[in-house]
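S.K.: Next up, protein-v8.cif (mmCIF, C-alpha atoms and all ligand atoms).
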data_final
#
loop_
_atom_site.label_atom_id
_atom_site.label_comp_id
_atom_site.auth_asym_id
_atom_site.auth_seq_id
_atom_site.Cartn_x
_atom_site.Cartn_y
_atom_site.Cartn_z
CA MET H 26 86.23 93.08 110.60
CA SER H 27 86.75 91.53 114.03
CA LEU H 28 89.49 91.76 116.60
CA PRO H 29 91.82 88.85 117.36
CA PRO H 30 92.43 87.97 121.04
CA ASN H 31 94.90 90.19 122.98
CA SER H 32 94.23 93.22 120.81
CA PRO H 33 95.04 96.66 122.15
CA PRO H 34 92.16 98.53 123.85
CA ARG H 35 89.92 100.43 121.44
CA ARG H 36 90.58 103.88 123.03
CA ALA H 37 87.82 105.81 121.29
CA ALA H 38 88.63 104.33 117.87
CA ASP H 39 84.91 103.63 117.34
CA ILE H 40 83.96 107.27 117.87
CA LEU H 41 86.84 108.47 115.69
CA ALA H 42 85.97 106.07 112.86
CA LEU H 43 82.28 106.94 112.86
CA GLY H 44 82.70 110.68 113.48
CA PHE H 45 85.31 111.15 110.76
CA GLY H 46 83.35 108.75 108.52
CA ALA H 47 80.16 110.81 108.88
CA ALA H 48 82.06 114.07 108.25
CA ALA H 49 83.75 112.67 105.11
CA ALA H 50 80.42 111.32 103.82
CA ILE H 51 78.84 114.75 104.39
CA ALA H 52 81.68 116.55 102.58
CA ALA H 53 81.53 114.16 99.61
CA THR H 54 77.73 114.51 99.39
CA LEU H 55 77.87 118.31 99.55
CA PHE H 56 80.48 118.29 96.78
CA LEU H 57 78.22 116.18 94.56
CA PHE H 58 75.25 118.42 95.27
CA GLY H 59 77.25 121.51 94.41
CA LEU H 60 78.34 120.24 91.01
CA PRO H 61 77.07 122.24 88.09
CA PRO H 62 74.89 122.24 86.09
CA GLY H 63 71.81 123.15 88.04
CA ARG H 64 72.81 123.16 91.69
CA ALA H 65 70.36 121.19 93.83
CA PRO H 66 67.98 123.24 95.99
CA SER H 67 69.63 124.04 99.30
CA TRP H 68 67.29 121.94 101.40
CA ALA H 69 68.47 118.75 99.67
CA PRO H 70 72.17 118.93 100.66
CA LEU H 71 71.29 120.19 104.14
CA GLY H 72 68.82 117.32 104.55
CA CYS H 73 71.56 114.90 103.52
CA LEU H 74 73.92 116.48 106.05
CA LEU H 75 71.41 115.81 108.83
CA GLY H 76 70.75 112.32 107.44
CA TRP H 77 74.45 111.43 107.63
CA MET H 78 74.63 112.74 111.22
CA ALA H 79 71.70 110.53 112.20
CA ALA H 80 73.26 107.58 110.37
CA GLY H 81 76.61 108.06 112.16
CA GLY H 82 74.81 108.09 115.53
CA TRP H 83 72.72 105.08 114.57
CA ALA H 84 75.87 103.14 113.63
CA ALA H 85 77.37 103.99 117.04
CA GLY H 86 74.23 102.66 118.75
CA ARG H 87 74.12 99.54 116.64
CA TRP H 88 77.80 98.56 116.49
CA THR H 89 79.21 99.80 119.78
CA ASP H 90 78.02 99.24 123.33
CA ARG H 91 77.84 102.99 124.07
CA GLY H 92 74.12 103.47 123.36
CA TRP H 93 72.80 107.00 122.77
CA LYS H 94 75.92 108.51 124.35
CA GLY H 95 77.96 106.94 121.55
CA GLY H 96 75.65 108.64 119.06
CA LEU H 97 76.08 111.93 120.91
CA LEU H 98 79.89 111.66 120.84
CA VAL H 99 79.90 110.78 117.14
CA GLY H 100 77.55 113.72 116.52
CA CYS H 101 79.77 116.16 118.45
CA LEU H 102 82.90 115.05 116.60
CA ALA H 103 81.25 115.14 113.17
CA ALA H 104 79.68 118.53 113.97
CA ALA H 105 83.09 119.95 114.94
CA LEU H 106 84.56 118.66 111.67
CA ASN H 107 81.59 119.98 109.71
CA LEU H 108 82.63 123.49 110.73
CA VAL H 109 85.27 123.23 107.99
CA LEU H 110 82.32 123.31 105.57
CA LEU H 111 79.61 125.20 107.45
CA GLY H 112 81.85 128.25 107.75
CA SER H 113 80.91 128.81 104.08
CA LEU H 114 77.38 129.59 105.28
CA ALA H 115 78.61 132.02 107.95
CA GLY H 116 81.03 133.99 105.74
CA GLY H 117 79.89 137.39 104.47
CA ALA H 118 80.21 138.83 100.98
CA LYS H 119 83.43 140.73 101.84
CA PRO H 120 86.58 139.41 103.57
CA ASN H 121 86.24 139.45 107.39
CA ASP H 122 82.44 139.95 107.15
CA LEU H 123 80.10 137.49 108.83
CA SER H 124 76.52 136.83 107.83
CA ARG H 125 74.21 136.74 110.86
CA GLN H 126 71.67 134.70 109.00
CA GLY H 127 74.35 132.25 107.88
CA LEU H 128 75.76 131.99 111.41
CA ALA H 129 72.28 131.21 112.76
CA LEU H 130 71.76 128.56 110.07
CA ALA H 131 75.17 126.98 110.74
CA GLY H 132 74.43 126.96 114.50
CA ALA H 133 70.97 125.46 114.00
CA LEU H 134 72.37 122.76 111.70
CA THR H 135 75.07 121.93 114.24
CA ILE H 136 72.61 121.58 117.12
CA ALA H 137 70.08 119.65 115.03
CA GLY H 138 72.82 117.37 113.71
CA VAL H 139 74.12 116.51 117.19
CA ALA H 140 70.59 115.91 118.47
CA LEU H 141 69.80 113.64 115.52
CA ALA H 142 73.03 111.71 116.05
CA ALA H 143 72.13 111.12 119.72
CA ALA H 144 68.61 110.05 118.70
CA GLY H 145 70.14 107.78 116.05
CA GLY H 146 72.36 106.26 118.73
CA ALA H 147 69.34 105.53 120.92
CA ARG H 148 67.52 104.00 117.98
CA GLY H 149 70.50 101.90 116.84
CA SER H 150 71.10 100.54 120.34
CA ARG H 151 67.60 99.04 120.33
CA ARG H 152 68.85 96.52 117.79
CA ARG H 153 72.43 96.27 118.89
CA ALA H 154 74.72 93.92 116.94
CA MET H 155 75.62 90.68 118.67
CA ARG H 156 79.30 91.28 119.52
CA PRO H 157 79.99 95.00 119.05
CA ALA H 158 83.13 94.90 121.19
CA SER H 159 84.89 92.63 118.69
CA ILE H 160 84.97 95.13 115.81
CA ASP H 161 88.43 96.45 114.91
CA TRP H 162 87.60 100.15 114.94
CA THR H 163 91.19 101.21 114.37
CA GLY H 164 91.05 99.29 111.09
CA VAL H 165 87.74 100.96 110.24
CA PHE H 166 89.23 104.38 111.03
CA ALA H 167 92.20 103.72 108.75
CA LEU H 168 89.80 102.65 105.99
CA VAL H 169 87.81 105.85 106.51
CA ALA H 170 91.03 107.87 106.10
CA ALA H 171 91.93 106.00 102.90
CA ALA H 172 88.39 106.36 101.50
CA ALA H 173 88.32 110.11 102.26
CA THR H 174 91.68 110.49 100.53
CA PHE H 175 90.36 108.64 97.51
CA CYS H 176 87.46 111.14 97.29
CA LEU H 177 89.98 113.99 97.61
CA LEU H 178 92.04 112.59 94.75
CA ALA H 179 88.91 112.37 92.62
CA ILE H 180 88.04 115.99 93.45
CA GLY H 181 91.64 117.00 92.65
CA GLY H 182 91.26 115.21 89.32
CA ALA H 183 88.04 117.16 88.74
CA VAL H 184 89.94 120.42 89.40
CA THR H 185 92.42 119.52 86.67
CA SER H 186 89.77 118.17 84.27
CA ALA H 187 87.71 121.35 84.67
CA ASN H 188 90.82 123.50 83.99
CA ALA H 189 90.09 125.06 87.36
CA GLY H 190 93.62 124.81 88.81
CA LEU H 191 94.05 128.57 88.90
CA ALA H 192 90.42 129.56 89.41
CA VAL H 193 91.25 130.83 92.90
CA VAL H 194 94.15 133.27 92.64
CA ASP H 195 95.51 133.24 96.19
CA TRP H 196 96.41 130.80 98.97
CA PRO H 197 95.98 130.08 101.89
CA ASN H 198 93.23 132.70 101.63
CA THR H 199 90.53 132.52 98.96
CA PHE H 200 90.17 135.90 97.19
CA GLY H 201 91.28 137.55 100.43
CA HIS H 202 88.73 135.65 102.57
CA ASN H 203 89.73 133.25 105.30
CA MET H 204 89.33 130.03 103.30
CA PHE H 205 86.93 128.51 105.84
CA LEU H 206 84.62 131.55 105.64
CA TYR H 207 84.54 131.97 101.88
CA PRO H 208 80.78 132.27 101.14
CA PHE H 209 79.08 129.44 99.36
CA ALA H 210 77.17 131.89 97.14
CA GLN H 211 80.47 132.95 95.51
CA MET H 212 81.64 129.42 94.74
CA THR H 213 80.64 129.28 91.11
CA GLY H 214 82.27 127.74 88.04
CA GLY H 215 85.88 126.65 88.47
CA VAL H 216 86.08 128.36 91.87
CA PHE H 217 83.70 125.74 93.25
CA TYR H 218 86.01 122.85 92.25
CA GLU H 219 89.20 124.51 93.44
CA HIS H 220 87.80 125.74 96.72
CA ALA H 221 85.94 122.47 97.49
CA HIS H 222 89.25 120.66 96.89
CA ARG H 223 90.98 122.87 99.46
CA LEU H 224 88.24 122.31 102.04
CA PHE H 225 88.21 118.57 101.47
CA GLY H 226 92.03 118.63 101.69
CA SER H 227 91.75 120.26 105.13
CA LEU H 228 89.40 117.50 106.29
CA VAL H 229 91.79 114.82 105.03
CA GLY H 230 94.67 116.62 106.76
CA LEU H 231 92.77 116.54 110.07
CA THR H 232 91.89 112.88 109.53
CA THR H 233 95.53 111.99 108.86
CA LEU H 234 96.81 113.85 111.93
CA THR H 235 94.22 112.21 114.18
CA LEU H 236 94.83 108.74 112.73
CA ALA H 237 98.59 109.12 113.26
CA TYR H 238 98.06 110.30 116.86
CA HIS H 239 95.67 107.41 117.50
CA LEU H 240 98.10 104.88 116.02
CA ARG H 241 100.90 106.21 118.20
CA ARG H 242 98.74 105.40 121.23
CA VAL H 243 97.39 101.99 120.30
CA GLU H 244 99.71 100.50 117.71
CA ARG H 245 102.53 98.20 118.81
CA ARG H 246 104.41 97.82 115.53
CA ALA H 247 107.06 100.48 115.15
CA TRP H 248 106.97 100.51 111.35
CA VAL H 249 103.23 101.25 111.29
CA LYS H 250 103.88 104.23 113.58
CA ARG H 251 106.67 105.34 111.26
CA LEU H 252 104.37 105.01 108.26
CA SER H 253 101.73 107.13 109.97
CA LEU H 254 104.38 109.82 110.60
CA ALA H 255 105.32 109.61 106.94
CA ALA H 256 101.63 110.18 106.10
CA ILE H 257 101.68 113.38 108.18
CA VAL H 258 104.80 114.65 106.40
CA LEU H 259 103.24 113.79 103.02
CA VAL H 260 99.91 115.48 103.73
CA ILE H 261 101.62 118.68 104.91
CA ALA H 262 103.95 118.64 101.90
CA GLN H 263 101.00 117.98 99.62
CA GLY H 264 98.94 120.88 100.96
CA THR H 265 101.94 123.21 100.64
CA LEU H 266 102.70 122.03 97.09
CA GLY H 267 99.04 122.55 96.14
CA GLY H 268 99.13 126.12 97.44
CA LEU H 269 102.50 126.97 95.90
CA ARG H 270 101.30 125.57 92.58
CA VAL H 271 98.82 128.48 92.64
CA THR H 272 100.90 131.28 94.11
CA GLY H 273 104.49 130.28 93.31
CA ARG H 274 105.64 131.85 96.58
CA PHE H 275 104.52 132.35 100.16
CA THR H 276 102.38 135.48 100.09
CA LEU H 277 99.10 136.73 101.54
CA SER H 278 98.48 138.97 98.55
CA ALA H 279 95.23 138.40 96.65
CA SER H 280 96.44 140.12 93.48
CA PRO H 281 97.05 137.90 90.43
CA ARG H 282 100.03 140.18 89.59
CA ASP H 283 101.93 138.90 92.64
CA MET H 284 101.54 135.25 91.71
CA ALA H 285 103.84 132.94 89.77
CA PRO H 286 101.81 129.72 89.19
CA SER H 287 103.98 126.70 88.54
CA LEU H 288 103.24 123.74 86.27
CA VAL H 289 106.17 121.82 87.73
CA LEU H 290 104.63 122.11 91.18
CA ALA H 291 101.25 121.06 89.72
CA ALA H 292 102.87 117.86 88.45
CA ALA H 293 104.67 117.29 91.77
CA HIS H 294 101.37 117.84 93.59
CA GLY H 295 99.66 115.21 91.40
CA ILE H 296 102.42 112.66 92.08
CA VAL H 297 102.70 113.23 95.85
CA GLY H 298 98.89 112.93 96.05
CA GLN H 299 99.09 109.37 94.72
CA VAL H 300 102.00 108.45 97.01
CA PHE H 301 100.08 109.80 99.99
CA PHE H 302 97.01 107.76 99.09
CA ALA H 303 99.09 104.59 98.66
CA THR H 304 100.64 105.21 102.11
CA LEU H 305 97.20 105.43 103.72
CA ALA H 306 96.07 102.32 101.83
CA VAL H 307 99.01 100.39 103.27
CA ILE H 308 98.25 101.66 106.79
CA ALA H 309 94.62 100.56 106.37
CA LEU H 310 95.79 97.12 105.15
CA LEU H 311 97.97 96.64 108.09
CA ALA H 312 95.20 97.56 110.43
CA LEU H 313 93.24 94.97 108.47
CA THR H 314 95.81 92.22 108.79
CA VAL H 315 95.45 92.33 112.54
CA ALA H 316 91.78 91.60 112.04
CA VAL H 317 92.04 88.86 109.46
CA ARG H 318 95.26 87.30 110.67
CA ALA H 319 93.50 84.79 112.89
CA TRP H 320 91.90 83.02 109.99
CA ALA H 321 94.22 84.01 107.17
CA LEU H 322 97.19 82.21 108.65
CA TYR H 323 95.29 78.98 108.83
CA GLY H 324 93.93 78.73 105.33
CA ASP H 325 94.76 79.53 101.75
CA GLN H 326 95.33 83.14 100.84
CA PRO H 327 92.08 84.29 99.21
CA ILE H 328 93.08 87.87 99.88
CA VAL H 329 96.07 87.55 97.56
CA GLN H 330 93.75 86.15 94.90
CA ARG H 331 91.31 89.01 95.45
CA PHE H 332 94.09 91.55 95.13
CA GLY H 333 95.14 89.86 91.90
CA LYS H 334 91.58 89.98 90.55
CA ALA H 335 91.16 93.60 91.63
CA LEU H 336 94.45 94.53 89.91
CA ILE H 337 93.35 92.87 86.66
CA ALA H 338 89.89 94.50 86.79
CA LEU H 339 91.30 97.93 87.63
CA THR H 340 93.97 97.67 84.93
CA ALA H 341 91.33 96.76 82.34
CA ALA H 342 89.08 99.62 83.49
CA GLN H 343 92.05 102.00 83.45
CA LEU H 344 92.96 101.03 79.88
CA LEU H 345 89.39 101.57 78.71
CA LEU H 346 89.12 104.87 80.56
CA GLY H 347 92.49 105.96 79.15
CA ILE H 348 91.29 105.28 75.60
CA GLY H 349 88.00 107.01 76.44
CA ALA H 350 89.82 110.03 77.86
CA LEU H 351 91.97 110.23 74.74
CA ILE H 352 88.91 110.14 72.52
CA VAL H 353 86.81 112.69 74.41
CA THR H 354 89.57 115.12 75.29
CA GLY H 355 91.64 114.68 72.14
CA ASN H 356 89.20 116.52 69.89
CA PRO H 357 90.23 120.19 69.81
CA ALA H 358 86.67 121.17 68.91
CA LEU H 359 85.58 119.91 72.33
CA ASN H 360 88.12 121.94 74.27
CA ASN H 361 87.43 124.94 76.47
CA PRO H 362 85.36 124.80 78.49
CA PRO H 363 85.51 121.03 79.08
CA THR H 364 82.19 119.24 78.75
CA ARG H 365 80.68 117.17 81.52
CA VAL H 366 81.56 113.91 79.67
CA GLU H 367 85.19 115.00 79.26
CA MET H 368 85.41 115.83 82.94
CA VAL H 369 83.79 112.61 84.14
CA VAL H 370 85.96 110.37 81.92
CA ALA H 371 89.20 112.20 82.72
CA THR H 372 88.43 112.30 86.45
CA ALA H 373 87.47 108.62 86.49
CA HIS H 374 90.75 107.82 84.69
CA GLN H 375 92.72 109.68 87.40
CA SER H 376 90.74 108.08 90.23
CA VAL H 377 91.07 104.52 88.93
CA GLY H 378 94.81 105.16 88.46
CA ALA H 379 95.02 106.12 92.13
CA ALA H 380 93.04 103.03 93.15
CA LEU H 381 95.34 100.87 91.02
CA LEU H 382 98.43 102.23 92.74
CA ALA H 383 96.86 101.77 96.19
CA VAL H 384 95.82 98.16 95.51
CA ALA H 385 99.27 97.39 94.11
CA ALA H 386 100.92 98.91 97.20
CA ALA H 387 98.56 97.01 99.48
CA HIS H 388 99.25 93.81 97.53
CA ALA H 389 103.00 94.31 97.90
CA ALA H 390 102.63 94.97 101.63
CA TRP H 391 100.53 91.85 102.07
CA GLY H 392 103.07 89.77 100.13
CA ARG H 393 105.84 91.06 102.39
CA ARG H 394 103.80 90.04 105.43
CA LEU H 395 103.24 86.59 104.00
CA LEU H 396 106.94 86.08 103.42
CA ALA H 397 107.67 87.13 107.01
CA ALA H 398 104.95 84.78 108.28
CA GLN H 399 106.38 81.92 106.22
CA ALA H 400 109.84 82.44 107.67
CA PHE H 401 108.58 82.11 111.24
CA GLN H 402 105.56 79.85 111.01
CA PRO H 403 105.43 76.53 112.84
CA ALA H 404 105.15 73.31 110.82
CA PRO H 405 101.33 72.91 111.08
CA LEU H 406 100.85 76.29 109.41
CA LYS H 407 103.16 75.30 106.58
CA ALA H 408 101.07 72.19 106.15
CA ALA H 409 97.99 74.42 106.00
CA GLY H 410 99.21 75.88 102.73
CA LEU H 411 101.38 78.88 103.59
CA ASP H 412 104.55 77.21 102.35
CA SER H 413 103.30 77.05 98.76
C1 LIG O 1 96.03 117.62 101.30
C2 LIG O 1 95.87 116.76 100.42
C3 LIG O 1 95.72 116.98 98.94
C4 LIG O 1 95.70 115.96 98.04
C5 LIG O 1 95.83 114.48 98.35
C6 LIG O 1 95.55 116.56 96.73
C7 LIG O 1 95.47 115.84 95.55
C8 LIG O 1 95.32 116.39 94.30
C9 LIG O 1 95.25 115.64 93.07
C10 LIG O 1 95.36 114.12 92.95
C11 LIG O 1 95.11 116.51 92.05
C12 LIG O 1 95.00 116.18 90.56
C13 LIG O 1 96.38 116.28 89.97
C14 LIG O 1 96.41 115.86 88.51
O1 LIG O 1 95.56 116.26 87.77
O2 LIG O 1 97.32 115.11 88.11
C15 LIG O 1 95.09 117.84 92.62
C16 LIG O 1 94.97 119.00 91.90
C17 LIG O 1 95.09 120.26 92.45
N1 LIG O 1 95.23 120.57 93.78
FE1 LIG O 1 95.34 119.26 95.31
N2 LIG O 1 95.49 117.92 96.86
C18 LIG O 1 95.58 118.23 98.18
C19 LIG O 1 95.55 119.48 98.74
C20 LIG O 1 95.54 120.67 98.02
C21 LIG O 1 95.59 121.99 98.61
C22 LIG O 1 95.65 122.32 100.10
C23 LIG O 1 95.59 122.88 97.58
C24 LIG O 1 95.66 124.37 97.78
C25 LIG O 1 95.55 125.22 96.89
C26 LIG O 1 95.52 122.12 96.34
C27 LIG O 1 95.47 122.66 95.07
C28 LIG O 1 95.33 121.93 93.89
C29 LIG O 1 95.28 122.53 92.56
C30 LIG O 1 95.36 123.99 92.24
C31 LIG O 1 95.11 121.47 91.68
C32 LIG O 1 94.98 121.57 90.15
C33 LIG O 1 96.34 121.48 89.52
C34 LIG O 1 96.23 121.77 88.02
O3 LIG O 1 95.66 120.94 87.31
O4 LIG O 1 96.66 122.82 87.62
N3 LIG O 1 95.49 120.80 96.66
N4 LIG O 1 95.22 117.71 93.98
#
Show me this structure written as structure tokens.
Ligand code: HEM
M.R.:
Amino acid sequence: MSLPPNSPPRRAADILALGFGAAAAIAATLFLFGLPPGRAPSWAPLGCLLGWMAAGGWAAGRWTDRGWKGGLLVGCLAAALNLVLLGSLAGGAKPNDLSRQGLALAGALTIAGVALAAAGGARGSRRRAMRPASIDWTGVFALVAAAATFCLLAIGGAVTSANAGLAVVDWPNTFGHNMFLYPFAQMTGGVFYEHAHRLFGSLVGLTTLTLAYHLRRVERRAWVKRLSLAAIVLVIAQGTLGGLRVTGRFTLSASPRDMAPSLVLAAAHGIVGQVFFATLAVIALLALTVAVRAWALYGDQPIVQRFGKALIALTAAQLLLGIGALIVTGNPALNNPPTRVEMVVATAHQSVGAALLAVAAAHAAWGRRLLAAQAFQPAPLKAAGLDS
């Protein structure tokens, strides 16, 4: 992904893309490690966390011209975002308690992660890519936001597939704990899915807010700025719908008797989640068009063909997964609690559905762009194939 001439200045987009990318990769990896059955030993996820920090720093050294300082900045940003997750180590058994041991571990992981990211930056800069300044980091950042949202949708699907929608009784607290300090040791069964979904949702919310702020500073096209504002409205609405699906009303009570869970809001939450993802996919595509425009306008439109192929492949996969989901979840004998196969097939069906919608939205946005380009293109471009 390279920048065309006269592009806006990068304004920290490289650090944002890599820092948020590392944090999202860490969150997704920790979620996978925490999946039952048989949770992985704690050193494995923590080792992966440090590995992703080093990798983020290394990427900054390799693909930016910032050297080890780039790695350090990426490490600091990712470490700050990791606090959304590491608070689970610091939280004590009771609400408002803190675990000294957990705090020390979280602090040590933060310092080690930042140091490894800086070292990774130094290492990556030894073999720096040829033209690091030409990468469109705003486009990469938008892709990171869309990819993180895709993971969140998959985790949301897992919440539903595991029948874990009401595993945590309250919101925005978790069983009376501040949700960012709810101890990892208590995240078992359905609570793990539901709570992990909330934490991942917070990370996606932060990513969306930062992306929108960044786009307001660097983006020239008014409609892209408007779309990024729409993404903010959607992510806030989505978080609120998710919470109200559980509680039914705004309350800090942790008693199930005070709650009025709503299936209607659960459905609304599922729908708005897909719309939000499609919005981010379109933002990422428009970031991308800036990058590919230079060559795309002068040739055929392979991207359109690729979208077409992706739509066909995703539709076929979705049909198969739909049939699979019907078979594995349709047997009453298999119900309650859902088996691992049921959960994987149903979650995959939801995730591919989301990907299908996003590719279709991106395809439509690209088509609109093409039509606009055709209306204004000079004759040589028409001769190059855009008028067909
Ligand atoms: C911020 C972005 C969020 C996105 C994009 C998102 C997306 C999703 C998706 C796609 C599902 C699956 C829906 C389905 O099965 O059709 C889901 C389920 C769920 N989400 Fe979220 N979610 C977000 C935030 C939240 C938050 C903050 C909460 C707070 C409690 C929450 C609570 C839930 C619950 C309880 C379910 C299960 C619903 C059920 O099956 O009963 N979500 N989410």
S.K.: Using only C-alpha atoms, determine which residues lie at most 6 Å from stretch 125-135 of chain H, disregarding the query and same-chain residues fewer than 5 positions distant; provide the list as an MDAnalysis selection string.
M.R.: chainID H and resid 104 111 114:115
S.K.: Leaving out H:Asn203 and any residue of its chain fewer than 4 positions from it, which residues lie within 10 Å of it when counting only C-alpha atoms, given as a list in words?
M.R.: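 The residues that qualify are Gly112, Ser113, Gly116, Pro120, Asn121, Trp196, Pro197, Asn198, Thr199, Tyr207 and Pro208 of chain H.
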S.K.: Step by step: start from the point (85.0, 105.2, 115.4) in the file's coordinates, keep every protein, DNA or RNA residue that has an atom no farther than 8 Å from it, count all atoms listed in the file, and write the set as a PDB file with C-alpha atoms, keeping the file's coordinate frame.
M.R.:
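Below is the file part_2.pdb, written as the result:
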ATOM      1  CA  ALA H  37      87.820 105.810 121.290  1.00  0.00           C
ATOM      2  CA  ALA H  38      88.630 104.330 117.870  1.00  0.00           C
ATOM      3  CA  ASP H  39      84.910 103.630 117.340  1.00  0.00           C
ATOM      4  CA  ILE H  40      83.960 107.270 117.870  1.00  0.00           C
ATOM      5  CA  LEU H  41      86.840 108.470 115.690  1.00  0.00           C
ATOM      6  CA  ALA H  42      85.970 106.070 112.860  1.00  0.00           C
ATOM      7  CA  LEU H  43      82.280 106.940 112.860  1.00  0.00           C
ATOM      8  CA  GLY H  44      82.700 110.680 113.480  1.00  0.00           C
ATOM      9  CA  PHE H  45      85.310 111.150 110.760  1.00  0.00           C
ATOM     10  CA  GLY H  46      83.350 108.750 108.520  1.00  0.00           C
ATOM     11  CA  ALA H  85      77.370 103.990 117.040  1.00  0.00           C
ATOM     12  CA  VAL H  99      79.900 110.780 117.140  1.00  0.00           C
ATOM     13  CA  TRP H 162      87.600 100.150 114.940  1.00  0.00           C
ATOM     14  CA  THR H 163      91.190 101.210 114.370  1.00  0.00           C
ATOM     15  CA  VAL H 165      87.740 100.960 110.240  1.00  0.00           C
ATOM     16  CA  PHE H 166      89.230 104.380 111.030  1.00  0.00           C
TER      17      PHE H 166
END
S.K.: Write out as a VMD selection string which residues come within 9 Å of stretch 225-228 of chain H when counting all atoms listed in the file, dropping same-chain ones fewer than 3 positions away.
M.R.: chain H and resid 45 48 to 49 52 to 53 106 to 107 109 to 110 173 to 174 176 to 177 180 220 to 222 231 to 233 260 264
S.K.: From the options H:Leu311, H:Leu259, H:Ala79, H:Met212, which residue's atoms come nearest to H:Arg393, counting only C-alpha atoms?
M.R.: H:Leu311
S.K.: For atom CA of H:Gly81 and atom CA of H:Phe332, quote the distance in Å rounded to one decimal.
M.R.: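 Separating atom CA of H:Gly81 from atom CA of H:Phe332 is a distance of 29.5 Å.
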S.K.: Please report the interatomic distance between atom CA of H:Ala255 and atom CA of H:Thr304 in Å with one decimal.
M.R.: 8.0 Å
S.K.: Box time for stretch 366-370 of chain H: axis-aligned, enclosing all its listed atoms, 3 Å extra on each side; report centre and edge lengths in Å to one decimal, as JSON.
M.R.:
{"center_x": 83.8, "center_y": 113.1, "center_z": 81.7, "size_x": 10.4, "size_y": 11.5, "size_z": 10.9}
S.K.: Go through H:His239, H:Val370, H:Val300, H:Ala350 one by one, measure the shortest atom-to-atom distance of each to H:Leu382 using only C-alpha atoms, and give the residue with the smallest value.
M.R.: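 Smallest separation from H:Leu382 among the options: H:Val300.
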S.K.: Taking 5 positions as the minimum chain separation for residues in the same chain, which residues sit within 8 Å of H:Ala189 when counting only C-alpha atoms? Answer as a list in words.
M.R.: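 Near neighbours after the sequence-gap exclusion: Val184, Gly215, Val216, Tyr218 and Glu219 of chain H.
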S.K.: Calculate how many Å separate atom CA of H:Phe175 from atom C10 of ligand LIG 1 (chain O), rounding to one decimal.
M.R.: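 Answer for the atom CA of H:Phe175 to atom C10 of ligand LIG 1 (chain O) separation: 8.7 Å.
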S.K.: Set the distance at 9 Å and use only C-alpha atoms: which residues neighbour H:Ala154 once local chain neighbours fewer than 6 positions away are removed? I'd like the list as a list in words.
M.R.: Gly86, Arg87, Trp88, Thr89 and Asp90 of chain H
S.K.: Could you save those same residues with C-alpha atoms as a PDB file, keeping the file's coordinate frame?
M.R.:
ATOM      1  CA  GLY H  86      74.230 102.660 118.750  1.00  0.00           C
ATOM      2  CA  ARG H  87      74.120  99.540 116.640  1.00  0.00           C
ATOM      3  CA  TRP H  88      77.800  98.560 116.490  1.00  0.00           C
ATOM      4  CA  THR H  89      79.210  99.800 119.780  1.00  0.00           C
ATOM      5  CA  ASP H  90      78.020  99.240 123.330  1.00  0.00           C
TER       6      ASP H  90
END
S.K.: Considering all atoms listed in the file, can you say which of H:Leu240, H:Val258, H:Met78, H:Leu266 comes closest to ligand LIG 1 (chain O)?
M.R.: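 The shortest atom-to-atom distance to ligand LIG 1 (chain O) comes from H:Leu266.
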S.K.: Measuring between all atoms listed in the file, which one of H:Leu123, H:Ala137, H:Val229, H:Ala380 shows the shortest distance to H:Leu336?
M.R.: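 Closest candidate: H:Ala380.
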